[in-house]
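Below is the file final11.txt, which contains compact mmCIF, C-alpha atoms and all ligand atoms.
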# COMPACT_ATOMS: atom_id res chain seq x y z
CA MET A 1 0.00 0.00 0.00
CA THR A 2 1.28 3.48 -0.85
CA THR A 3 0.77 5.81 2.07
CA LYS A 4 0.44 9.26 0.64
CA ASN A 5 -0.91 10.98 3.70
CA ALA A 6 -2.32 10.58 7.19
CA ALA A 7 -6.02 11.41 7.42
CA ILE A 8 -8.57 11.74 10.18
CA THR A 9 -11.03 8.86 9.73
CA ALA A 10 -13.16 9.07 12.89
CA VAL A 11 -14.07 11.51 15.66
CA GLY A 12 -15.30 11.06 19.24
CA GLY A 13 -15.92 13.33 22.19
CA TYR A 14 -17.06 13.66 25.77
CA VAL A 15 -18.00 16.52 28.06
CA PRO A 16 -18.97 16.06 31.72
CA GLU A 17 -22.65 16.38 32.67
CA HIS A 18 -22.22 19.15 35.24
CA VAL A 19 -22.88 22.60 33.71
CA LEU A 20 -21.37 25.72 35.32
CA THR A 21 -23.33 28.73 34.04
CA ASN A 22 -22.50 32.42 34.11
CA ALA A 23 -25.31 32.78 36.69
CA ASP A 24 -23.52 30.23 38.90
CA LEU A 25 -20.27 32.21 38.59
CA GLU A 26 -22.09 35.42 39.57
CA GLN A 27 -22.67 33.71 42.95
CA MET A 28 -18.99 32.77 43.30
CA VAL A 29 -17.01 35.88 42.24
CA ASP A 30 -17.58 39.54 41.44
CA THR A 31 -18.65 39.14 37.80
CA SER A 32 -21.75 39.29 35.61
CA ASP A 33 -23.28 37.32 32.77
CA GLU A 34 -23.05 40.50 30.69
CA TRP A 35 -19.28 40.88 31.30
CA ILE A 36 -18.49 37.23 30.61
CA LEU A 37 -20.62 37.02 27.46
CA SER A 38 -19.47 40.32 25.96
CA ARG A 39 -15.75 39.83 26.81
CA THR A 40 -15.42 36.09 26.09
CA GLY A 41 -18.55 34.77 24.30
CA ILE A 42 -18.95 32.03 26.94
CA LYS A 43 -22.38 31.14 28.35
CA GLU A 44 -21.53 27.93 30.19
CA ARG A 45 -18.80 25.34 30.65
CA ARG A 46 -18.69 21.70 31.78
CA ILE A 47 -17.00 20.62 35.02
CA LEU A 48 -15.79 17.10 35.85
CA LYS A 49 -17.34 15.87 39.10
CA PRO A 50 -15.92 14.42 41.20
CA ALA A 51 -12.60 15.94 40.10
CA SER A 52 -10.83 12.83 41.38
CA LEU A 53 -12.03 10.97 38.27
CA GLY A 54 -9.13 12.67 36.49
CA THR A 55 -8.49 13.59 32.88
CA SER A 56 -8.22 9.92 31.88
CA PHE A 57 -11.93 9.46 32.66
CA MET A 58 -12.92 11.93 29.94
CA ALA A 59 -10.22 10.73 27.52
CA ILE A 60 -11.48 7.15 27.88
CA LYS A 61 -15.09 8.24 27.30
CA ALA A 62 -14.10 10.20 24.16
CA ALA A 63 -12.08 7.24 22.86
CA GLN A 64 -14.92 4.80 23.55
CA ASN A 65 -17.34 7.12 21.73
CA LEU A 66 -15.02 7.04 18.69
CA LEU A 67 -14.51 3.26 18.83
CA LYS A 68 -18.28 2.68 18.95
CA LYS A 69 -19.05 5.07 16.09
CA LYS A 70 -16.27 3.59 13.93
CA ASN A 71 -17.06 0.01 15.04
CA LEU A 72 -13.32 -0.40 15.63
CA ASP A 73 -11.71 -3.15 17.71
CA PRO A 74 -9.23 -1.33 20.03
CA ILE A 75 -6.77 -4.19 19.55
CA GLU A 76 -6.04 -2.70 16.09
CA ILE A 77 -4.76 0.61 17.51
CA ASP A 78 -0.98 1.02 17.29
CA LEU A 79 -0.48 4.21 19.29
CA VAL A 80 -2.45 6.40 21.72
CA ILE A 81 -1.36 10.02 22.19
CA VAL A 82 -3.04 12.07 24.92
CA ALA A 83 -2.45 15.79 24.54
CA THR A 84 -3.03 17.28 27.99
CA THR A 85 -1.76 19.87 30.44
CA THR A 86 -3.68 18.28 33.29
CA PRO A 87 -2.54 14.64 33.38
CA ASP A 88 -3.98 12.34 36.07
CA MET A 89 -0.66 12.55 37.93
CA PRO A 90 2.74 14.18 37.25
CA VAL A 91 4.03 10.59 37.03
CA SER A 92 2.85 8.24 35.45
CA SER A 93 1.59 8.45 31.85
CA THR A 94 -2.11 9.22 31.46
CA ALA A 95 -2.01 7.89 27.90
CA ALA A 96 -0.75 4.50 29.11
CA TYR A 97 -3.72 4.22 31.48
CA VAL A 98 -6.17 5.31 28.75
CA ALA A 99 -4.74 2.77 26.27
CA THR A 100 -5.09 -0.07 28.77
CA GLU A 101 -8.60 0.92 29.87
CA ILE A 102 -9.95 1.07 26.31
CA GLY A 103 -8.38 -2.30 25.45
CA ALA A 104 -5.68 -1.00 23.07
CA ASP A 105 -3.46 -3.88 24.14
CA ASN A 106 -1.19 -3.72 21.08
CA ALA A 107 -0.51 0.01 21.39
CA PHE A 108 2.21 2.09 22.91
CA ALA A 109 1.17 5.45 24.32
CA TYR A 110 2.48 8.78 25.50
CA ASP A 111 1.33 12.15 26.83
CA LEU A 112 2.05 15.31 24.86
CA GLN A 113 2.24 18.63 26.71
CA GLY A 114 1.68 21.51 24.33
CA ALA A 115 -0.85 23.45 26.42
CA CYS A 116 -3.67 24.78 24.21
CA SER A 117 -1.67 23.78 21.10
CA GLY A 118 -1.32 20.19 22.34
CA PHE A 119 -3.84 18.74 19.91
CA LEU A 120 -2.39 20.73 16.99
CA PHE A 121 1.10 19.46 17.79
CA GLY A 122 -0.39 15.98 18.28
CA MET A 123 -1.78 16.08 14.73
CA SER A 124 1.80 16.56 13.53
CA ALA A 125 3.05 13.66 15.67
CA ALA A 126 0.18 11.32 14.71
CA SER A 127 0.69 12.06 11.03
CA ALA A 128 4.47 11.52 11.24
CA HIS A 129 4.00 8.15 12.95
CA ILE A 130 1.67 7.06 10.11
CA LEU A 131 4.02 8.35 7.40
CA SER A 132 6.87 6.34 8.95
CA GLY A 133 5.01 3.32 7.57
CA ARG A 134 5.29 1.46 10.88
CA TYR A 135 1.87 2.40 12.30
CA LYS A 136 -1.57 2.23 10.71
CA LYS A 137 -3.94 3.45 13.42
CA VAL A 138 -3.04 6.32 15.74
CA LEU A 139 -5.58 7.54 18.28
CA LEU A 140 -5.03 11.20 19.18
CA ILE A 141 -6.94 12.54 22.18
CA GLY A 142 -7.04 16.12 23.47
CA ALA A 143 -8.27 16.16 27.07
CA ASP A 144 -8.06 18.61 29.95
CA THR A 145 -9.58 18.98 33.40
CA MET A 146 -8.95 22.70 33.69
CA SER A 147 -11.21 22.89 36.78
CA SER A 148 -8.44 21.05 38.67
CA VAL A 149 -6.00 23.96 38.21
CA ILE A 150 -8.37 26.93 38.40
CA ASP A 151 -8.77 29.18 41.43
CA TYR A 152 -12.52 29.67 41.74
CA THR A 153 -11.97 32.90 43.66
CA ASP A 154 -10.03 34.45 40.72
CA ARG A 155 -12.56 36.03 38.37
CA THR A 156 -9.96 36.64 35.67
CA THR A 157 -9.52 32.90 35.00
CA CYS A 158 -12.45 30.97 36.51
CA VAL A 159 -14.98 32.31 33.99
CA ILE A 160 -12.96 31.16 30.98
CA PHE A 161 -12.03 27.52 31.40
CA GLY A 162 -13.95 24.25 31.26
CA ASP A 163 -13.37 20.49 31.07
CA GLY A 164 -13.71 18.10 28.13
CA ALA A 165 -12.09 15.61 25.78
CA GLY A 166 -12.10 14.91 22.06
CA ALA A 167 -10.54 12.07 20.07
CA VAL A 168 -9.64 11.45 16.43
CA LEU A 169 -8.24 8.45 14.59
CA PHE A 170 -5.43 8.98 12.07
CA GLU A 171 -5.00 6.37 9.32
CA PRO A 172 -3.02 6.16 6.05
CA ASN A 173 -4.83 7.65 3.06
CA GLU A 174 -3.97 6.56 -0.47
CA GLU A 175 -5.90 9.41 -2.13
CA GLY A 176 -3.63 12.02 -0.59
CA LEU A 177 -6.31 13.38 1.74
CA GLY A 178 -5.44 14.33 5.32
CA LEU A 179 -2.75 16.53 6.86
CA GLN A 180 -1.12 18.55 4.06
CA ASP A 181 1.07 21.14 5.76
CA GLU A 182 1.68 22.94 9.02
CA VAL A 183 3.50 25.88 10.57
CA LEU A 184 4.21 25.12 14.24
CA ARG A 185 6.07 27.52 16.53
CA VAL A 186 7.05 28.22 20.14
CA ASP A 187 8.40 31.17 22.12
CA GLY A 188 9.59 30.10 25.55
CA SER A 189 9.79 33.68 26.83
CA GLY A 190 5.98 33.59 26.90
CA ARG A 191 5.90 31.43 30.01
CA THR A 192 5.86 34.48 32.25
CA PHE A 193 2.39 35.37 30.95
CA LEU A 194 0.60 32.02 31.27
CA LYS A 195 1.71 29.45 33.82
CA ILE A 196 1.19 27.27 36.85
CA GLU A 197 4.21 28.20 38.91
CA ALA A 198 4.33 25.43 41.50
CA GLY A 199 4.25 21.67 41.44
CA GLY A 200 7.09 21.25 38.92
CA SER A 201 10.85 20.88 39.34
CA MET A 202 11.47 24.63 39.77
CA LEU A 203 9.04 25.03 42.64
CA PRO A 204 7.97 21.67 44.08
CA ALA A 205 4.80 21.42 46.14
CA SER A 206 5.14 22.68 49.70
CA LYS A 207 2.88 24.14 52.38
CA GLU A 208 3.99 27.60 51.25
CA THR A 209 3.19 27.05 47.55
CA VAL A 210 -0.28 25.79 48.46
CA ALA A 211 -0.88 28.70 50.86
CA GLU A 212 0.16 31.15 48.13
CA ASN A 213 -2.20 29.60 45.52
CA LYS A 214 0.74 28.85 43.24
CA HIS A 215 -0.74 25.56 42.02
CA PHE A 216 -3.43 27.45 40.17
CA LEU A 217 -3.23 28.77 36.63
CA HIS A 218 -2.13 32.38 36.33
CA GLN A 219 -2.66 34.35 33.15
CA GLU A 220 -1.94 37.91 32.05
CA GLY A 221 -4.97 37.89 29.82
CA ARG A 222 -4.48 41.10 27.87
CA GLN A 223 -0.92 40.19 26.85
CA VAL A 224 -1.86 36.64 25.93
CA PHE A 225 -4.80 37.95 23.89
CA LYS A 226 -2.55 40.12 21.73
CA PHE A 227 0.00 37.35 21.10
CA ALA A 228 -2.80 34.88 20.35
CA VAL A 229 -4.42 37.04 17.66
CA SER A 230 -1.21 38.07 15.92
CA ASN A 231 0.51 34.67 15.99
CA MET A 232 -2.49 32.57 14.93
CA SER A 233 -3.27 35.02 12.11
CA ALA A 234 0.35 34.99 10.92
CA ALA A 235 0.58 31.18 11.04
CA ILE A 236 -2.63 30.86 9.00
CA GLU A 237 -1.35 33.35 6.43
CA GLN A 238 1.91 31.40 6.12
CA VAL A 239 0.10 28.11 5.58
CA LEU A 240 -2.21 29.67 2.98
CA LYS A 241 0.73 31.20 1.12
CA ARG A 242 2.87 28.07 1.19
CA ASN A 243 0.02 26.04 -0.26
CA ASP A 244 -1.02 28.64 -2.80
CA LEU A 245 -4.49 28.82 -1.25
CA SER A 246 -6.82 31.79 -1.06
CA LYS A 247 -8.93 32.22 2.07
CA ASP A 248 -12.06 31.69 -0.04
CA GLU A 249 -10.93 28.15 -0.87
CA ILE A 250 -11.02 27.21 2.83
CA ASP A 251 -14.26 25.53 3.89
CA PHE A 252 -13.75 25.84 7.65
CA VAL A 253 -11.30 27.35 10.12
CA ILE A 254 -11.06 25.23 13.28
CA ALA A 255 -9.48 27.56 15.83
CA HIS A 256 -8.66 27.16 19.50
CA GLN A 257 -11.66 28.34 21.51
CA ALA A 258 -10.08 30.72 24.05
CA ASN A 259 -12.18 33.82 23.55
CA LYS A 260 -14.87 34.68 20.98
CA ARG A 261 -13.20 38.09 20.54
CA ILE A 262 -9.97 36.36 19.51
CA LEU A 263 -11.91 34.37 16.91
CA ASP A 264 -13.60 37.55 15.67
CA ALA A 265 -10.26 39.35 15.44
CA ILE A 266 -8.77 36.50 13.35
CA SER A 267 -11.90 36.47 11.14
CA ASN A 268 -11.62 40.22 10.61
CA HIS A 269 -7.90 40.05 9.95
CA LEU A 270 -8.34 37.32 7.32
CA ASP A 271 -11.65 38.75 6.08
CA LEU A 272 -13.43 35.41 6.56
CA LYS A 273 -17.13 34.83 5.93
CA PRO A 274 -19.07 34.27 9.20
CA ASP A 275 -19.79 30.60 8.47
CA GLN A 276 -16.13 29.75 7.74
CA MET A 277 -15.15 29.97 11.43
CA LEU A 278 -16.53 27.08 13.52
CA ILE A 279 -17.47 28.12 17.06
CA ASN A 280 -18.71 26.29 20.17
CA ILE A 281 -17.02 28.33 22.93
CA GLU A 282 -20.41 29.48 24.23
CA ARG A 283 -21.14 25.96 25.53
CA TYR A 284 -17.76 24.66 26.74
CA GLY A 285 -15.47 27.65 27.38
CA ASN A 286 -11.75 27.06 26.92
CA THR A 287 -11.02 23.33 27.31
CA THR A 288 -7.32 23.75 26.41
CA ALA A 289 -6.18 20.68 24.38
CA ALA A 290 -9.79 19.57 23.82
CA THR A 291 -11.13 22.59 21.93
CA LEU A 292 -10.10 21.48 18.41
CA PRO A 293 -11.38 17.88 18.59
CA LEU A 294 -14.57 19.04 20.34
CA LEU A 295 -15.22 21.34 17.36
CA LEU A 296 -14.78 18.33 15.03
CA TRP A 297 -17.12 16.32 17.29
CA ASP A 298 -19.82 19.01 17.23
CA TYR A 299 -19.56 19.82 13.51
CA GLU A 300 -18.70 16.36 12.09
CA ASP A 301 -22.06 16.19 10.24
CA GLN A 302 -21.18 19.32 8.24
CA LEU A 303 -17.76 18.07 7.14
CA LYS A 304 -17.56 16.52 3.67
CA LYS A 305 -14.86 14.57 1.87
CA ASN A 306 -12.29 16.79 0.09
CA GLN A 307 -13.19 19.91 2.09
CA LYS A 308 -10.26 22.10 3.05
CA LEU A 309 -9.84 22.79 6.78
CA LEU A 310 -7.42 25.10 8.57
CA PHE A 311 -6.62 24.35 12.20
CA THR A 312 -5.00 26.93 14.46
CA ALA A 313 -4.18 27.20 18.16
CA PHE A 314 -2.26 29.30 20.66
CA GLY A 315 -1.34 28.51 24.26
CA GLY A 316 1.01 28.49 27.21
CA GLY A 317 4.70 28.30 26.50
CA PHE A 318 3.99 30.10 24.21
CA THR A 319 3.01 27.47 21.67
CA TRP A 320 1.08 28.07 18.46
CA GLY A 321 0.63 27.23 14.84
CA ALA A 322 -1.67 26.39 11.96
CA SER A 323 -2.28 23.23 9.94
CA TYR A 324 -3.94 22.55 6.62
CA LEU A 325 -5.91 19.31 6.36
CA THR A 326 -8.28 17.92 3.75
CA TRP A 327 -11.24 15.99 5.15
CA ALA A 328 -11.31 12.32 4.19
CA TYR A 329 -14.86 11.04 4.68
CA ASN A 330 -18.58 11.77 4.66
CA THR A 331 -20.59 10.86 7.74
O1 LIG A 401 -6.04 29.36 25.90
C1 LIG A 401 -4.77 29.85 26.18
C2 LIG A 401 -4.62 31.23 25.68
N1 LIG A 401 -5.45 32.12 26.44
C3 LIG A 401 -6.07 33.11 25.84
O2 LIG A 401 -6.01 33.22 24.63
C4 LIG A 401 -6.81 34.11 26.69
C5 LIG A 401 -6.54 35.51 26.19
N2 LIG A 401 -7.11 36.54 27.02
C6 LIG A 401 -8.45 36.79 27.14
O3 LIG A 401 -9.26 36.06 26.63
C7 LIG A 401 -8.89 38.04 27.86
O4 LIG A 401 -7.78 38.84 28.10
C8 LIG A 401 -9.63 37.78 29.20
C9 LIG A 401 -11.00 37.17 28.93
C10 LIG A 401 -8.80 36.85 30.07
C11 LIG A 401 -9.84 39.08 29.94
O5 LIG A 401 -10.56 39.99 29.11
P1 LIG A 401 -10.01 41.47 28.87
O6 LIG A 401 -11.02 42.15 28.04
O7 LIG A 401 -8.62 41.34 28.33
O8 LIG A 401 -10.03 42.07 30.33
P2 LIG A 401 -8.81 42.74 31.13
O9 LIG A 401 -7.93 41.67 31.68
O10 LIG A 401 -8.22 43.82 30.30
O11 LIG A 401 -9.61 43.38 32.32
C12 LIG A 401 -10.53 44.47 32.13
C13 LIG A 401 -11.29 44.73 33.41
C14 LIG A 401 -10.38 44.77 34.65
O12 LIG A 401 -10.91 45.73 35.50
P3 LIG A 401 -10.22 47.19 35.61
O13 LIG A 401 -8.81 46.94 36.05
O14 LIG A 401 -10.30 47.77 34.24
O15 LIG A 401 -11.05 47.89 36.62
C15 LIG A 401 -10.58 43.41 35.25
O16 LIG A 401 -10.37 43.42 36.65
O17 LIG A 401 -12.21 43.65 33.62
C16 LIG A 401 -12.02 43.15 34.94
N3 LIG A 401 -12.36 41.74 34.94
C17 LIG A 401 -13.60 41.30 35.18
N4 LIG A 401 -14.75 41.93 35.46
C18 LIG A 401 -15.86 41.17 35.64
C19 LIG A 401 -11.54 40.68 34.68
N5 LIG A 401 -12.25 39.55 34.76
C20 LIG A 401 -13.53 39.90 35.08
C21 LIG A 401 -14.71 39.16 35.28
N6 LIG A 401 -15.85 39.83 35.56
N7 LIG A 401 -14.75 37.83 35.20
Here is a file; write its structure as structure tokens.
Amino acid sequence: MTTKNAAITAVGGYVPEHVLTNADLEQMVDTSDEWILSRTGIKERRILKPASLGTSFMAIKAAQNLLKKKNLDPIEIDLVIVATTTPDMPVSSTAAYVATEIGADNAFAYDLQGACSGFLFGMSAASAHILSGRYKKVLLIGADTMSSVIDYTDRTTCVIFGDGAGAVLFEPNEEGLGLQDEVLRVDGSGRTFLKIEAGGSMLPASKETVAENKHFLHQEGRQVFKFAVSNMSAAIEQVLKRNDLSKDEIDFVIAHQANKRILDAISNHLDLKPDQMLINIERYGNTTAATLPLLLWDYEDQLKKNQKLLFTAFGGGFTWGASYLTWAYNT
């Protein structure tokens, strides 16, 4: 068989049942539905309860949803990648646990930490594993339990984030459909603007770090916003140019759901038509590595074979990029 490309051939997803609304948040911090909706576009987000279920719980559910829809025996899976910033434990591998629990007994597995760009970077990794010719079925999952690292007394972060997981299967494609090109970048100086300071090797957990709330996510939102808009727009423009594509040839832009105003700014910058940009932030908030596959999960019915999709993301690190993928199947 001639492997020309690695294509997405199935999609699955899972969001927890518990809904945290803007009205709920009004009871918790000094905020308002009006502020949250107008500044972020978010109406509600899902929260994993009990939190002790861990990110693997959602990743397993998303994978099982995919396996059922695709009628796939997990024994056929060669590799499981879990893109996450909120693994079950610092050690050991969440992906290993997910692979075992779903019955992927012939697979190896690893976690990929790329913050909000984790799934985008994972698409690159999944595709490269397929193109090596050694692996035929790679399960890529983006999953994050952001509620486990959010300070619910900090109104600048607690209104934004939510929990969820999405999964895709990458397989060889002989027609040349699938991942075509990508521009992936990092800028490590960005870690001052978006971070969880404690719990790593630089500042291990201690009574002091807990007392000082240093295990929670801290973000300088305005700075991150500016970098997100400019870098995602530039990465998209580079991918379009390299592939000799005009924006009108793109069927859908699948962008990281961090803030509706970021999506609007990218749309304005690229002069996109309103229905080119897929959006579901109003229901889930920012689910970090899960936003891209959850968009695919929600909009799978609208995706048709040969359509041209642009993926883009931006996150902690900083990490960002854009990928060009042609869709490989009709539902
Ligand atoms: O996914 C990873 C990448 N992350 C992102 O891309 C996030 C990028 N950043 C953002 O989405 C936005 O910056 C935020 C949604 C985080 C904040 O929105 P903003 O429009 O940039 O607000 P701001 O930080 O400039 O704050 C404006 C005002 C401040 O009050 P003062 O100082 O002007 O009196 C904040 O204290 O809004 C206040 N504020 C709030 N007010 C009501 C901040 N959060 C809230 C809140 N409710 N929840």
Restrict the calculation to only C-alpha atoms and all ligand atoms, then for each residue of chain A with any atom at most 6 Å from an atom of ligand LIG 401 (chain A) give the closest atom pair and their distance in Å to one decimal, rows by chain and rising residue number, as a Markdown table.
| residue | atom | partner | partner_atom | distance |
| --- | --- | --- | --- | --- |
| A:Thr31 | CA | A:LIG401 | N6 | 3.7 |
| A:Ser32 | CA | A:LIG401 | N6 | 5.9 |
| A:Trp35 | CA | A:LIG401 | C18 | 5.5 |
| A:Ile36 | CA | A:LIG401 | N7 | 6.0 |
| A:Arg39 | CA | A:LIG401 | O6 | 5.4 |
| A:Thr40 | CA | A:LIG401 | C9 | 5.4 |
| A:Cys116 | CA | A:LIG401 | O1 | 5.4 |
| A:Arg155 | CA | A:LIG401 | N7 | 4.3 |
| A:Thr156 | CA | A:LIG401 | N5 | 3.8 |
| A:Val159 | CA | A:LIG401 | N7 | 5.7 |
| A:Gly221 | CA | A:LIG401 | O4 | 3.4 |
| A:Arg222 | CA | A:LIG401 | O4 | 4.0 |
| A:Val224 | CA | A:LIG401 | C5 | 4.8 |
| A:Phe225 | CA | A:LIG401 | C5 | 3.8 |
| A:Ala228 | CA | A:LIG401 | O2 | 5.6 |
| A:Ala258 | CA | A:LIG401 | O1 | 4.6 |
| A:Asn259 | CA | A:LIG401 | O3 | 4.8 |
| A:Thr288 | CA | A:LIG401 | O1 | 5.8 |
| A:Phe314 | CA | A:LIG401 | C2 | 5.9 |
| A:Gly315 | CA | A:LIG401 | C1 | 4.2 |
Can you pull out every residue within 7 Å of Val186 (chain A), counting all atoms listed in the file, but drop anything in the same chain fewer than 5 positions away, and send it as a PyMOL selection string? chain A and resi 317-320
Check the smallest atom-to-atom distance from each of A:Gly316, A:Pro172, A:Gly13, A:Gly162 to Lys43 (chain A) using only C-alpha atoms, then report the winner.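 Result for the nearest residue to Lys43 (chain A): A:Gly162.
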Separation of CA of Ala128 (chain A) and CA of Lys308 (chain A), in Å?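 Computed distance, CA of Ala128 (chain A) to CA of Lys308 (chain A), equals 19.9 Å.
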I'd like a table as a Markdown table: residues in region 150-182 of chain A with an atom no more than 10 Å from region 81-105 of chain A, each row giving the shortest atom pair and its distance in Å to one decimal, all atoms listed in the file counted, sorted by chain and rising residue number.
| residue | atom | partner | partner_atom | distance |
| --- | --- | --- | --- | --- |
| A:Ala165 | CA | A:Thr84 | CA | 9.5 |
| A:Gly166 | CA | A:Val82 | CA | 9.9 |
| A:Ala167 | CA | A:Val82 | CA | 8.9 |
What lies within 8 Å of Ala322 (chain A) using all atoms listed in the file, ignoring chain neighbours under 5 positions off, as a list of chain:residue names?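 Close residues of Ala322 (chain A): A:Leu120, A:Glu182, A:Val183, A:Leu184, A:Met232, A:Ala235, A:Ile236, A:Val239, A:Leu310, A:Phe311, A:Thr312, A:Ala313.
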Those residues you just picked out, can you put them in a file as a PDB file, keeping the file's coordinate frame with C-alpha atoms?
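Result saved to again.pdb:
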ATOM      1  CA  LEU A 120      -2.390  20.730  16.990  1.00  0.00           C
ATOM      2  CA  GLU A 182       1.680  22.940   9.020  1.00  0.00           C
ATOM      3  CA  VAL A 183       3.500  25.880  10.570  1.00  0.00           C
ATOM      4  CA  LEU A 184       4.210  25.120  14.240  1.00  0.00           C
ATOM      5  CA  MET A 232      -2.490  32.570  14.930  1.00  0.00           C
ATOM      6  CA  ALA A 235       0.580  31.180  11.040  1.00  0.00           C
ATOM      7  CA  ILE A 236      -2.630  30.860   9.000  1.00  0.00           C
ATOM      8  CA  VAL A 239       0.100  28.110   5.580  1.00  0.00           C
ATOM      9  CA  LEU A 310      -7.420  25.100   8.570  1.00  0.00           C
ATOM     10  CA  PHE A 311      -6.620  24.350  12.200  1.00  0.00           C
ATOM     11  CA  THR A 312      -5.000  26.930  14.460  1.00  0.00           C
ATOM     12  CA  ALA A 313      -4.180  27.200  18.160  1.00  0.00           C
TER      13      ALA A 313
END
Quick one: distance from CA of Trp297 (chain A) to CA of Gln113 (chain A) in Å, one decimal?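 So the answer is 21.7 Å.
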Rounded to one decimal, what separation in Å do you get between CA of Phe216 (chain A) and CA of Glu197 (chain A)?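 That distance, rounded to one decimal, is 7.8 Å.
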Point out the residue among A:His215, A:Tyr324, A:Asp271, A:Asn306 with the least atom-to-atom distance to Ala255 (chain A), counting all atoms listed in the file.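 Ranking A:His215, A:Tyr324, A:Asp271, A:Asn306 by distance to Ala255 (chain A), first place goes to A:Tyr324.
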Considering all atoms listed in the file, can you say which of A:Lys61, A:Lys305, A:Lys4, A:Lys260 comes closest to Arg283 (chain A)?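 Using all atoms listed in the file, Arg283 (chain A) sits closest to A:Lys260.
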Box centre and edge lengths (Å, one decimal), axis-aligned, region 87-101 of chain A plus 8 Å each side, as AutoDock Vina command-line options:
--center_x -2.3 --center_y 7.3 --center_z 32.1 --size_x 28.6 --size_y 30.7 --size_z 27.7
Long-range neighbours of Met58 (chain A) as a list in words, 9 Å cut-off, all atoms listed in the file, 5 positions minimum in chain: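 Contacts, with the query itself left out: Gly13, Tyr14, Val15, Pro16, Leu48, Leu53, Ala63, Ala143, Asp144, Thr145, Asp163, Gly164, Ala165 and Gly166 of chain A.
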For Ala328 (chain A), list every protein, DNA or RNA residue within 10 Å, evaluated using only C-alpha atoms, and leave out those in the same chain fewer than 2 positions away; present the list as a short mmCIF file (atom, residue, chain, number, x, y, z; two decimals) with C-alpha atoms, keeping the file's coordinate frame.
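Printed below is part34.cif as written:
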data_model
loop_
_atom_site.label_atom_id
_atom_site.label_comp_id
_atom_site.auth_asym_id
_atom_site.auth_seq_id
_atom_site.Cartn_x
_atom_site.Cartn_y
_atom_site.Cartn_z
CA ALA A 6 -2.32 10.58 7.19
CA ALA A 7 -6.02 11.41 7.42
CA ILE A 8 -8.57 11.74 10.18
CA THR A 9 -11.03 8.86 9.73
CA ALA A 10 -13.16 9.07 12.89
CA ASN A 173 -4.83 7.65 3.06
CA GLU A 175 -5.90 9.41 -2.13
CA GLY A 176 -3.63 12.02 -0.59
CA LEU A 177 -6.31 13.38 1.74
CA GLY A 178 -5.44 14.33 5.32
CA LEU A 179 -2.75 16.53 6.86
CA LEU A 303 -17.76 18.07 7.14
CA LYS A 304 -17.56 16.52 3.67
CA LYS A 305 -14.86 14.57 1.87
CA ASN A 306 -12.29 16.79 0.09
CA GLN A 307 -13.19 19.91 2.09
CA LYS A 308 -10.26 22.10 3.05
CA LEU A 325 -5.91 19.31 6.36
CA THR A 326 -8.28 17.92 3.75
CA ASN A 330 -18.58 11.77 4.66
#
At a cut-off of 12 Å from (2.0, 7.0, 12.8) in the coordinates of the file, what residues are picked up using only C-alpha atoms, written as a VMD selection string? chain A and resid 3 5 to 8 77 to 81 107 to 109 122 to 140 169 to 173
From the list A:Gln257, A:Asn22, A:Gln180, A:Ser323, which residue is nearest Ala289 (chain A) when using all atoms listed in the file?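 For Ala289 (chain A), the nearest of the given residues is A:Gln257.
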Fewer than 3 positions away in the same chain doesn't count, so skip those; otherwise give me all residues within 9 Å of Asp151 (chain A), counting only C-alpha atoms, as an mmCIF file with C-alpha atoms, in the coordinates of the input.
data_model
loop_
_atom_site.group_PDB
_atom_site.id
_atom_site.type_symbol
_atom_site.label_atom_id
_atom_site.label_comp_id
_atom_site.auth_asym_id
_atom_site.auth_seq_id
_atom_site.Cartn_x
_atom_site.Cartn_y
_atom_site.Cartn_z
ATOM 1 C CA SER A 147 -11.210 22.890 36.780
ATOM 2 C CA SER A 148 -8.440 21.050 38.670
ATOM 3 C CA ASP A 154 -10.030 34.450 40.720
ATOM 4 C CA ARG A 155 -12.560 36.030 38.370
ATOM 5 C CA THR A 157 -9.520 32.900 35.000
ATOM 6 C CA CYS A 158 -12.450 30.970 36.510
ATOM 7 C CA ASN A 213 -2.200 29.600 45.520
ATOM 8 C CA HIS A 215 -0.740 25.560 42.020
ATOM 9 C CA PHE A 216 -3.430 27.450 40.170
ATOM 10 C CA LEU A 217 -3.230 28.770 36.630
ATOM 11 C CA HIS A 218 -2.130 32.380 36.330
#
Among the residues A:Gly199, A:Pro204, A:Pro50, A:Pro293, the one that comes closest to His256 (chain A) [using all atoms listed in the file]: A:Pro293
Looking at all atoms listed in the file, which of A:Asp111, A:Asn286, A:Asn280, A:Phe121 is the one that sits closest to Asp298 (chain A)?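 Among the listed residues, the smallest separation from Asp298 (chain A) belongs to A:Asn280.
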Counting all atoms listed in the file, which residues come within 7 Å of (-11.9, 3.4, 20.4), with the point read in the file's coordinates, and could you list them as a CSV table (one decimal) with C-alpha atoms, keeping the file's coordinate frame?
chain,number,residue,atom,x,y,z
A,63,ALA,CA,-12.1,7.2,22.9
A,64,GLN,CA,-14.9,4.8,23.6
A,65,ASN,CA,-17.3,7.1,21.7
A,66,LEU,CA,-15.0,7.0,18.7
A,67,LEU,CA,-14.5,3.3,18.8
A,68,LYS,CA,-18.3,2.7,19.0
A,72,LEU,CA,-13.3,-0.4,15.6
A,74,PRO,CA,-9.2,-1.3,20.0
A,102,ILE,CA,-10.0,1.1,26.3
